[in-house]
Amino acid sequence: MTDTTALDTTELLTHDAPHPHAFTRAEVGWLPWLHPLAVDELTDRHYDGLVDRNRDTSDYFRLLARDPEVLRARTLVDKDIFYNVAGGLPRADRELAAAAASRVNGCVFCASVHARFAAHYSKQPDVVDLLLAEGVQADLGERWNAITDAAAALTVTPLSFGPEHVARLRAAGLDDVEIADVIHGAAFFNWANRLMLSLGRPVAPAQG
C-alpha cells in the first residue's frame, strides 16, 4: 500500500545546487523533486522497506519508502544482483554493466556510483574512466566491450538485445550464469536510472 497521506504532488521542490557537467567517479549528490518522508515520520513498516536502517539518511530512499513493500522488494533484488557473488560474474563486471546502462541513460548519479565500484573491484580506474568519457563505444578490451555492448542493447528503447549479444559474451569467456548476471545488472539499473532521473536531479561533486 502506497503511503501518500503527507505527499503534496502539487508542490515541486526547486534547487539551486550546481548540476554536474560531465560523467565522473567523484561523489555526485542527488536532490528530489518531491518531499521525502522526514526521518521522524518513519515507522517500523518504513524501516522494514528500507532493509538497512542507515538508509534513512538518504532523501532518495526516504522518498521510495512511501511505498515500503515495493521498496523492500526492490532493495532485496538489488542486493542479490550485486552482493551475492558466491558464483557467477565477478563484482567488477556486475558494476560495469550497471555503469554502462547508466551511461547510456544519462544518469550521472548512478554512473558515478557504479563506476567507482567497478574501478575499485577491477583495479582498472583508467579503463572505467574511458567508459565515462567516451560512452559504450569506448574500447575497454573484448570482455568488457562485450559486457558494455550487451548492457547498452538492454538499455535502449526499443530493446535491441539479441542472440548475437549472448554469443559475443560467450566468446569473451562468460558462462550462462555470468551472462545472466550481466543481464540482471544492466536491466535492473536501466529501471533504477529512470527512477532517479524522474524523481530528482544530480548535484555536482563538492569542489576542493
# chains A, B, ... in the order shown; residues from 1 in each chain; ligands from 1
>>> residues_around(residues="segment 118-121 of chain A", least_positions_apart="4", cutoff="7 Å", atoms="only C-alpha atoms", output="ChimeraX atom specification")
/A:91-93,95-96,114,125,128
>>> write_last_selection(atoms="N, CA and C atoms", output="PDB file, in the first residue's frame")
ATOM      1  N   ARG A  91      32.322  -9.181  -9.147  1.00  0.00           N
ATOM      2  CA  ARG A  91      31.650  -7.938  -8.767  1.00  0.00           C
ATOM      3  C   ARG A  91      32.010  -6.792  -9.719  1.00  0.00           C
ATOM      4  N   ALA A  92      33.263  -6.696 -10.128  1.00  0.00           N
ATOM      5  CA  ALA A  92      33.661  -5.594 -11.012  1.00  0.00           C
ATOM      6  C   ALA A  92      32.850  -5.590 -12.301  1.00  0.00           C
ATOM      7  N   ASP A  93      32.603  -6.770 -12.860  1.00  0.00           N
ATOM      8  CA  ASP A  93      31.867  -6.863 -14.120  1.00  0.00           C
ATOM      9  C   ASP A  93      30.388  -6.538 -13.929  1.00  0.00           C
ATOM     10  N   GLU A  95      29.255  -4.410 -11.717  1.00  0.00           N
ATOM     11  CA  GLU A  95      29.215  -2.955 -11.581  1.00  0.00           C
ATOM     12  C   GLU A  95      29.420  -2.278 -12.933  1.00  0.00           C
ATOM     13  N   LEU A  96      30.267  -2.860 -13.766  1.00  0.00           N
ATOM     14  CA  LEU A  96      30.482  -2.306 -15.101  1.00  0.00           C
ATOM     15  C   LEU A  96      29.190  -2.314 -15.913  1.00  0.00           C
ATOM     16  N   HIS A 114      28.446   3.371  -9.691  1.00  0.00           N
ATOM     17  CA  HIS A 114      28.848   2.054 -10.200  1.00  0.00           C
ATOM     18  C   HIS A 114      30.203   2.098 -10.893  1.00  0.00           C
ATOM     19  N   PRO A 125      40.999   1.798 -12.838  1.00  0.00           N
ATOM     20  CA  PRO A 125      40.253   3.063 -12.906  1.00  0.00           C
ATOM     21  C   PRO A 125      40.368   3.768 -14.247  1.00  0.00           C
ATOM     22  N   VAL A 128      37.852   2.258 -16.646  1.00  0.00           N
ATOM     23  CA  VAL A 128      36.498   2.678 -16.286  1.00  0.00           C
ATOM     24  C   VAL A 128      36.269   4.132 -16.702  1.00  0.00           C
TER      25      VAL A 128
END
>>> select_by_dssp(residues="chain A", states="strand (DSSP E or B)", output="ChimeraX atom specification")
/A:29-32,200-203
>>> atom_distance(atom1="atom CA of Asp16 of chain A", atom2="atom CA of Leu34 of chain A")
15.2 Å
>>> residues_around(residues="Asp176 of chain A", least_positions_apart="4", cutoff="10 Å", atoms="only C-alpha atoms", output="list in words")
Gly88, Leu89, Val166, Leu169, Arg170, Ala180, Asp181 and Val182 of chain A
>>> write_last_selection(atoms="N, CA and C atoms", output="PDB file, in the first residue's frame")
ATOM      1  N   GLY A  88      28.977 -16.979 -10.317  1.00  0.00           N
ATOM      2  CA  GLY A  88      28.606 -16.056 -11.375  1.00  0.00           C
ATOM      3  C   GLY A  88      29.664 -15.003 -11.633  1.00  0.00           C
ATOM      4  N   LEU A  89      29.224 -13.858 -12.115  1.00  0.00           N
ATOM      5  CA  LEU A  89      30.103 -12.798 -12.590  1.00  0.00           C
ATOM      6  C   LEU A  89      30.858 -12.129 -11.444  1.00  0.00           C
ATOM      7  N   VAL A 166      24.491 -12.512 -26.680  1.00  0.00           N
ATOM      8  CA  VAL A 166      24.809 -13.709 -25.893  1.00  0.00           C
ATOM      9  C   VAL A 166      26.020 -14.414 -26.494  1.00  0.00           C
ATOM     10  N   LEU A 169      29.184 -12.528 -25.635  1.00  0.00           N
ATOM     11  CA  LEU A 169      29.549 -12.737 -24.231  1.00  0.00           C
ATOM     12  C   LEU A 169      30.178 -14.114 -24.035  1.00  0.00           C
ATOM     13  N   ARG A 170      29.607 -15.116 -24.675  1.00  0.00           N
ATOM     14  CA  ARG A 170      30.176 -16.468 -24.579  1.00  0.00           C
ATOM     15  C   ARG A 170      31.587 -16.496 -25.183  1.00  0.00           C
ATOM     16  N   ALA A 180      23.751 -14.284 -17.318  1.00  0.00           N
ATOM     17  CA  ALA A 180      22.537 -13.889 -16.591  1.00  0.00           C
ATOM     18  C   ALA A 180      22.828 -12.719 -15.661  1.00  0.00           C
ATOM     19  N   ASP A 181      23.999 -12.711 -15.025  1.00  0.00           N
ATOM     20  CA  ASP A 181      24.355 -11.605 -14.133  1.00  0.00           C
ATOM     21  C   ASP A 181      24.518 -10.292 -14.896  1.00  0.00           C
ATOM     22  N   VAL A 182      25.093 -10.345 -16.098  1.00  0.00           N
ATOM     23  CA  VAL A 182      25.183  -9.146 -16.935  1.00  0.00           C
ATOM     24  C   VAL A 182      23.786  -8.607 -17.217  1.00  0.00           C
TER      25      VAL A 182
END
>>> residues_around(residues="Arg62 of chain A", least_positions_apart="2", cutoff="9 Å", atoms="only C-alpha atoms", output="PDB file with N, CA and C atoms, in the first residue's frame")
ATOM      1  N   HIS A  35       8.789  15.900  -1.849  1.00  0.00           N
ATOM      2  CA  HIS A  35       9.221  15.784  -0.458  1.00  0.00           C
ATOM      3  C   HIS A  35       9.365  14.315  -0.054  1.00  0.00           C
ATOM      4  N   PRO A  36      10.544  13.912   0.397  1.00  0.00           N
ATOM      5  CA  PRO A  36      10.661  12.585   1.008  1.00  0.00           C
ATOM      6  C   PRO A  36      10.045  12.608   2.401  1.00  0.00           C
ATOM      7  N   LEU A  37       9.788  11.438   2.942  1.00  0.00           N
ATOM      8  CA  LEU A  37       9.370  11.375   4.336  1.00  0.00           C
ATOM      9  C   LEU A  37      10.484  11.922   5.217  1.00  0.00           C
ATOM     10  N   ALA A  38      10.109  12.621   6.278  1.00  0.00           N
ATOM     11  CA  ALA A  38      11.097  13.044   7.276  1.00  0.00           C
ATOM     12  C   ALA A  38      11.496  11.837   8.116  1.00  0.00           C
ATOM     13  N   VAL A  39      12.690  11.874   8.670  1.00  0.00           N
ATOM     14  CA  VAL A  39      13.159  10.743   9.476  1.00  0.00           C
ATOM     15  C   VAL A  39      12.195  10.457  10.617  1.00  0.00           C
ATOM     16  N   LEU A  42       9.199   8.115   9.896  1.00  0.00           N
ATOM     17  CA  LEU A  42       9.416   6.714   9.547  1.00  0.00           C
ATOM     18  C   LEU A  42       8.926   5.794  10.652  1.00  0.00           C
ATOM     19  N   HIS A  46       8.158   1.389   7.482  1.00  0.00           N
ATOM     20  CA  HIS A  46       9.078   2.048   6.557  1.00  0.00           C
ATOM     21  C   HIS A  46      10.490   1.483   6.691  1.00  0.00           C
ATOM     22  N   LEU A  50      13.088  -0.150   4.019  1.00  0.00           N
ATOM     23  CA  LEU A  50      14.452   0.322   3.782  1.00  0.00           C
ATOM     24  C   LEU A  50      15.479  -0.804   3.841  1.00  0.00           C
ATOM     25  N   ARG A  55      19.878   3.714   5.733  1.00  0.00           N
ATOM     26  CA  ARG A  55      19.401   4.361   4.509  1.00  0.00           C
ATOM     27  C   ARG A  55      18.417   5.489   4.812  1.00  0.00           C
ATOM     28  N   ASP A  56      18.072   5.659   6.087  1.00  0.00           N
ATOM     29  CA  ASP A  56      17.168   6.759   6.433  1.00  0.00           C
ATOM     30  C   ASP A  56      17.842   8.124   6.279  1.00  0.00           C
ATOM     31  N   THR A  57      19.147   8.150   6.014  1.00  0.00           N
ATOM     32  CA  THR A  57      19.834   9.418   5.765  1.00  0.00           C
ATOM     33  C   THR A  57      19.692   9.871   4.311  1.00  0.00           C
ATOM     34  N   SER A  58      19.157   9.012   3.459  1.00  0.00           N
ATOM     35  CA  SER A  58      19.076   9.294   2.023  1.00  0.00           C
ATOM     36  C   SER A  58      17.701   9.834   1.636  1.00  0.00           C
ATOM     37  N   ASP A  59      17.672  11.022   1.017  1.00  0.00           N
ATOM     38  CA  ASP A  59      16.406  11.564   0.506  1.00  0.00           C
ATOM     39  C   ASP A  59      15.753  10.591  -0.470  1.00  0.00           C
ATOM     40  N   TYR A  60      16.564   9.982  -1.317  1.00  0.00           N
ATOM     41  CA  TYR A  60      16.044   9.060  -2.334  1.00  0.00           C
ATOM     42  C   TYR A  60      15.309   7.895  -1.690  1.00  0.00           C
ATOM     43  N   LEU A  64      11.304   6.811  -1.703  1.00  0.00           N
ATOM     44  CA  LEU A  64      10.798   5.493  -2.106  1.00  0.00           C
ATOM     45  C   LEU A  64      10.093   4.783  -0.956  1.00  0.00           C
ATOM     46  N   ALA A  65      10.439   5.136   0.275  1.00  0.00           N
ATOM     47  CA  ALA A  65       9.827   4.489   1.441  1.00  0.00           C
ATOM     48  C   ALA A  65       8.347   4.823   1.580  1.00  0.00           C
ATOM     49  N   ARG A  66       7.834   5.732   0.768  1.00  0.00           N
ATOM     50  CA  ARG A  66       6.387   5.973   0.773  1.00  0.00           C
ATOM     51  C   ARG A  66       5.630   4.734   0.284  1.00  0.00           C
TER      52      ARG A  66
END
>>> closest_residue(among="A:Ala167, A:Ile183, A:Asp48, A:Ala133", to="Ala152 of chain A", atoms="only C-alpha atoms")
A:Ile183
>>> select_by_dssp(residues="segment 92-166 of chain A", states="alpha helix (DSSP H)", output="MDAnalysis selection string")
chainID A and resid 92:105 108:122 125:134 142:155 163:166
>>> closest_residue(among="A:Ala171, A:Leu131, A:Leu63, A:Ala206", to="Glu41 of chain A", atoms="only C-alpha atoms")
A:Leu63
>>> closest_residue(among="A:Arg103, A:Arg143, A:Arg45, A:Arg94", to="Ala22 of chain A", atoms="only C-alpha atoms")
A:Arg103
>>> closest_residue(among="A:Val108, A:His19, A:Asp129, A:Ala150", to="His184 of chain A", atoms="only C-alpha atoms")
A:Ala150
>>> closest_residue(among="A:Ser198, A:Asn54, A:Gln207, A:Thr75", to="Leu31 of chain A", atoms="only C-alpha atoms")
A:Ser198
>>> residues_around(residues="Pro18 of chain A", least_positions_apart="6", cutoff="9 Å", atoms="only C-alpha atoms", output="number ranges by chain")
A: 202-205
>>> closest_residue(among="A:Leu71, A:Ala172, A:Val156, A:Ala115", to="Glu27 of chain A", atoms="only C-alpha atoms")
A:Ala115
>>> decode(residues="segment 21-87 of chain A", atoms="C-alpha atoms", output="PDB file, in the first residue's frame")
ATOM      1  CA  HIS A  21      28.794  18.871 -16.335  1.00  0.00           C
ATOM      2  CA  ALA A  22      30.419  15.501 -17.022  1.00  0.00           C
ATOM      3  CA  PHE A  23      30.320  11.862 -16.020  1.00  0.00           C
ATOM      4  CA  THR A  24      32.696  11.220 -13.136  1.00  0.00           C
ATOM      5  CA  ARG A  25      33.750   8.730 -10.476  1.00  0.00           C
ATOM      6  CA  ALA A  26      33.598  11.532  -7.902  1.00  0.00           C
ATOM      7  CA  GLU A  27      30.703  11.503  -5.432  1.00  0.00           C
ATOM      8  CA  VAL A  28      27.710  13.091  -7.134  1.00  0.00           C
ATOM      9  CA  GLY A  29      24.796  14.241  -4.978  1.00  0.00           C
ATOM     10  CA  TRP A  30      21.077  13.915  -5.675  1.00  0.00           C
ATOM     11  CA  LEU A  31      18.088  16.095  -4.751  1.00  0.00           C
ATOM     12  CA  PRO A  32      14.393  15.130  -5.043  1.00  0.00           C
ATOM     13  CA  TRP A  33      11.609  16.993  -6.831  1.00  0.00           C
ATOM     14  CA  LEU A  34       9.073  15.759  -4.243  1.00  0.00           C
ATOM     15  CA  HIS A  35       9.221  15.784  -0.458  1.00  0.00           C
ATOM     16  CA  PRO A  36      10.661  12.585   1.008  1.00  0.00           C
ATOM     17  CA  LEU A  37       9.370  11.375   4.336  1.00  0.00           C
ATOM     18  CA  ALA A  38      11.097  13.044   7.276  1.00  0.00           C
ATOM     19  CA  VAL A  39      13.159  10.743   9.476  1.00  0.00           C
ATOM     20  CA  ASP A  40      10.765  11.280  12.392  1.00  0.00           C
ATOM     21  CA  GLU A  41       7.864  10.129  10.172  1.00  0.00           C
ATOM     22  CA  LEU A  42       9.416   6.714   9.547  1.00  0.00           C
ATOM     23  CA  THR A  43       7.640   3.798  11.204  1.00  0.00           C
ATOM     24  CA  ASP A  44       8.698   0.181  11.635  1.00  0.00           C
ATOM     25  CA  ARG A  45       6.933  -0.531   8.338  1.00  0.00           C
ATOM     26  CA  HIS A  46       9.078   2.048   6.557  1.00  0.00           C
ATOM     27  CA  TYR A  47      12.269   0.708   8.132  1.00  0.00           C
ATOM     28  CA  ASP A  48      11.297  -2.778   7.032  1.00  0.00           C
ATOM     29  CA  GLY A  49      11.067  -1.404   3.499  1.00  0.00           C
ATOM     30  CA  LEU A  50      14.452   0.322   3.782  1.00  0.00           C
ATOM     31  CA  VAL A  51      16.051  -3.018   4.819  1.00  0.00           C
ATOM     32  CA  ASP A  52      19.153  -1.165   6.074  1.00  0.00           C
ATOM     33  CA  ARG A  53      18.269   1.360   8.771  1.00  0.00           C
ATOM     34  CA  ASN A  54      21.136   3.662   7.819  1.00  0.00           C
ATOM     35  CA  ARG A  55      19.401   4.361   4.509  1.00  0.00           C
ATOM     36  CA  ASP A  56      17.168   6.759   6.433  1.00  0.00           C
ATOM     37  CA  THR A  57      19.834   9.418   5.765  1.00  0.00           C
ATOM     38  CA  SER A  58      19.076   9.294   2.023  1.00  0.00           C
ATOM     39  CA  ASP A  59      16.406  11.564   0.506  1.00  0.00           C
ATOM     40  CA  TYR A  60      16.044   9.060  -2.334  1.00  0.00           C
ATOM     41  CA  PHE A  61      15.300   6.086  -0.108  1.00  0.00           C
ATOM     42  CA  ARG A  62      13.023   8.096   2.191  1.00  0.00           C
ATOM     43  CA  LEU A  63      11.062   9.106  -0.912  1.00  0.00           C
ATOM     44  CA  LEU A  64      10.798   5.493  -2.106  1.00  0.00           C
ATOM     45  CA  ALA A  65       9.827   4.489   1.441  1.00  0.00           C
ATOM     46  CA  ARG A  66       6.387   5.973   0.773  1.00  0.00           C
ATOM     47  CA  ASP A  67       5.736   2.556  -0.821  1.00  0.00           C
ATOM     48  CA  PRO A  68       7.710   0.409   1.634  1.00  0.00           C
ATOM     49  CA  GLU A  69       6.690  -3.024   0.370  1.00  0.00           C
ATOM     50  CA  VAL A  70       7.808  -2.194  -3.161  1.00  0.00           C
ATOM     51  CA  LEU A  71      10.997  -0.606  -1.809  1.00  0.00           C
ATOM     52  CA  ARG A  72      11.799  -3.739   0.179  1.00  0.00           C
ATOM     53  CA  ALA A  73      11.352  -5.965  -2.880  1.00  0.00           C
ATOM     54  CA  ARG A  74      13.475  -3.581  -4.967  1.00  0.00           C
ATOM     55  CA  THR A  75      16.248  -3.473  -2.367  1.00  0.00           C
ATOM     56  CA  LEU A  76      16.439  -7.246  -1.942  1.00  0.00           C
ATOM     57  CA  VAL A  77      16.704  -7.695  -5.717  1.00  0.00           C
ATOM     58  CA  ASP A  78      19.437  -5.031  -5.827  1.00  0.00           C
ATOM     59  CA  LYS A  79      21.415  -6.737  -3.062  1.00  0.00           C
ATOM     60  CA  ASP A  80      21.147 -10.158  -4.676  1.00  0.00           C
ATOM     61  CA  ILE A  81      22.325  -8.868  -8.053  1.00  0.00           C
ATOM     62  CA  PHE A  82      25.362  -7.008  -6.745  1.00  0.00           C
ATOM     63  CA  TYR A  83      26.374  -8.577  -3.428  1.00  0.00           C
ATOM     64  CA  ASN A  84      25.667 -12.280  -3.971  1.00  0.00           C
ATOM     65  CA  VAL A  85      28.982 -13.160  -5.580  1.00  0.00           C
ATOM     66  CA  ALA A  86      29.356 -16.749  -4.359  1.00  0.00           C
ATOM     67  CA  GLY A  87      29.077 -17.720  -8.035  1.00  0.00           C
TER      68      GLY A  87
END
